[in-house]
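Notes to accompany the following structure.
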Amino acid sequence: MAGPVHYEVYIRRTAPSPWALEIATEHRAHAMDTAEDLLRDGYAAAVRVTKETLDPDTMEFNSLTLLTKGVPEVKTRRIMAEEDAGPRCATPYDLYAPMAREQMGRVLEDWLQRQSATAFELLHRPDLAERLDASGVELQHAIQKVAVPESQADGVPLHDLMRHYQRLADATIERLVTAGRKDRFPSLEHHSLADLAHRLDGQSERAFIMGGVIARALIGLKDGRSRLARLMDLADRAPADGQARAMVLVPIEQILCEMLGSRGGLTDILGPSLDQGAAMAAVVRMVASREVGLLVQLDPRLALQIPAVEGPAARLGERIEAGEFPLLSAALARMVLRELMSPRRLRPGDPAGEIDILRALATGLTATAGRLLTLEEVQNAFNERSKALVTADFVATYVKSCRTVLCEAESLTRLCENVTGVANKRSAARWLSACVSSLRFESEMRQTGGQTAAQKLGVLAGLQKAARACGLSDKDEGDITAAIGAIGATVEGEARIVALLSRSPAPAPQKLAALLRMAAGDTAPLGPAADRAKAEALKLFRAPDSRAALAAAPETLAPLRTLMKAAGLAA
């Protein structure tokens, strides 16, 4: 129900002025007439009348504009602080910063991919700079991609920014080409990399020159595996320690970060046979080879999901394990997290395989928590990925291959086990609860088929145990357990298994063992069937003949005590 209503009149004295409240009244006609008078008399350049209705529940006003007249508003550009004014990059040296190289890699991604090069190489190879300068259109488009959003964000005129970045690109290309003509980037065919590093130590432009030397060594190599192999060879030839070694390894690491982070870079290095999930698992193995190796020893099945890393990638993994390339390790770990949080499927067309690879990735990344990533980051990534596993499309595809409802229930139980996050667990539990509560599931378990009633009770008990181990909420777990228990009671009641056991001519210890296993949930689901078995076991215990038989064979009491504890008949 709407609350009190009043009307407000706002004015702008000039076009660029902000709106200011003039009057507030409870009469609509008065507000409208006042606005017209203010505009007609020239007291305001524009007027606005709004209807304000109080919401009694939230005690907030809901505003509705009734009239707006006068000159339109003038959109003012954002005013920047004096120290922030001007282009983001002012000199050629600014283009060599990591953020600038990252943006350069984005705006020139297609061109760099055709050249089989990275942004770092573009800034250190004269031949690439001349090729880009000669292309004309590619460079112009890249400048436009940078200048347009920067102009919109900072309020700097677009044409001024484009002219600035064109001059900056020309100066950077000229500097690089001049360095190439003066042969400032020696070829490693005639020089030792370690000697060059020691000679450059202390020079002002040592990073620029060493970057050019490393980039020149990659000329002519097109595929990612050969480029990675060459970089590993260069790392092997680096000085043993000190600043000279860092001078060599730093540009190698920067190129590696751009290579492996580029579109298609992993596929080029690891091979096209790996799908996205296997490629992510290979990355985890590369950056955490020691942890993954220990996990594979504990659970050899992980080796089926996490592919072995061979060739140049294995050499890179050994260096990462030795503590080299820390920035690359962190970048690769972050890349895996981004992939997990993206909507792209890791194994398209194979939902069961997607769950397998996610379980393997979760195990591997959790083992590295604290070194590369925090445990919270890993958990958040898998919570986000789990949202895609409980959607209707994924679940329908996941259970499509199941021929029976029991198979669907077992598959959904596995889904409940592997998703993370409270909301995702709840969604998965709804799918499982709907399955085990359905008439189809009850009909399938009751109908006579290839299994006996005792075998069906064992299957239901196993399904119930698996559901209870999924970490669901108490309510969801209780609903699913009760639904399975009710079907188990129907199956047992129709077959009268408890009654037949109690009247069988078998020795008392054997009958007690069978009944206690049912009561404990081993051979029958917990619920009415297990309760009936427990009651019958108590009656059998109290019978004089059973007591005499147990007293005559005391060695049979030890296993029965364990079953009694499991059934809740003993402390």
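Just remember, in the structure tokens the first chain shown is A, the second B, etc., residues are 1-based per chain, and ligands are 1-based in the order shown.
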Residues of stretch 268-485 of chain A classed as alpha helix (DSSP H) by DSSP on the backbone are to be reported as number ranges by chain. A: 268-270, 276-287, 289-298, 302-305, 312-321, 326-341, 351-367, 375-389, 392-398, 405-418, 422-436, 439-446, 453-468, 474-485
Excluding stretch 132-148 of chain A and residues on its chain fewer than 6 positions from it, collect all residues at most 8 Å away from it, counting only C-alpha atoms, and give them as a PyMOL selection string. chain A and resi 104+107-108+111+158+161-162+165-166+173
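Among the candidates A:Thr413, A:Val378, A:Arg542, A:Glu442, the one nearest to A:Arg334 when counting only C-alpha atoms is A:Val378.
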Strand (DSSP E or B) residues, from DSSP on the backbone, in stretch 57-283 of chain A, as an MDAnalysis selection string: chainID A and resid 60:70
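Computed from the coordinates, the atom CA of A:Arg40 to atom CA of A:Leu67 distance equals 14.6 Å.
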Exercise: A:Ala524 partners within 9 Å, only C-alpha atoms, chain neighbours under 3 positions left out, as a ChimeraX atom specification: /A:454,456-462,485,488-489,492,517-521,527,529-530
Atom pair atom CA of A:Leu358 + atom CA of A:Arg468, distance 21.4 Å
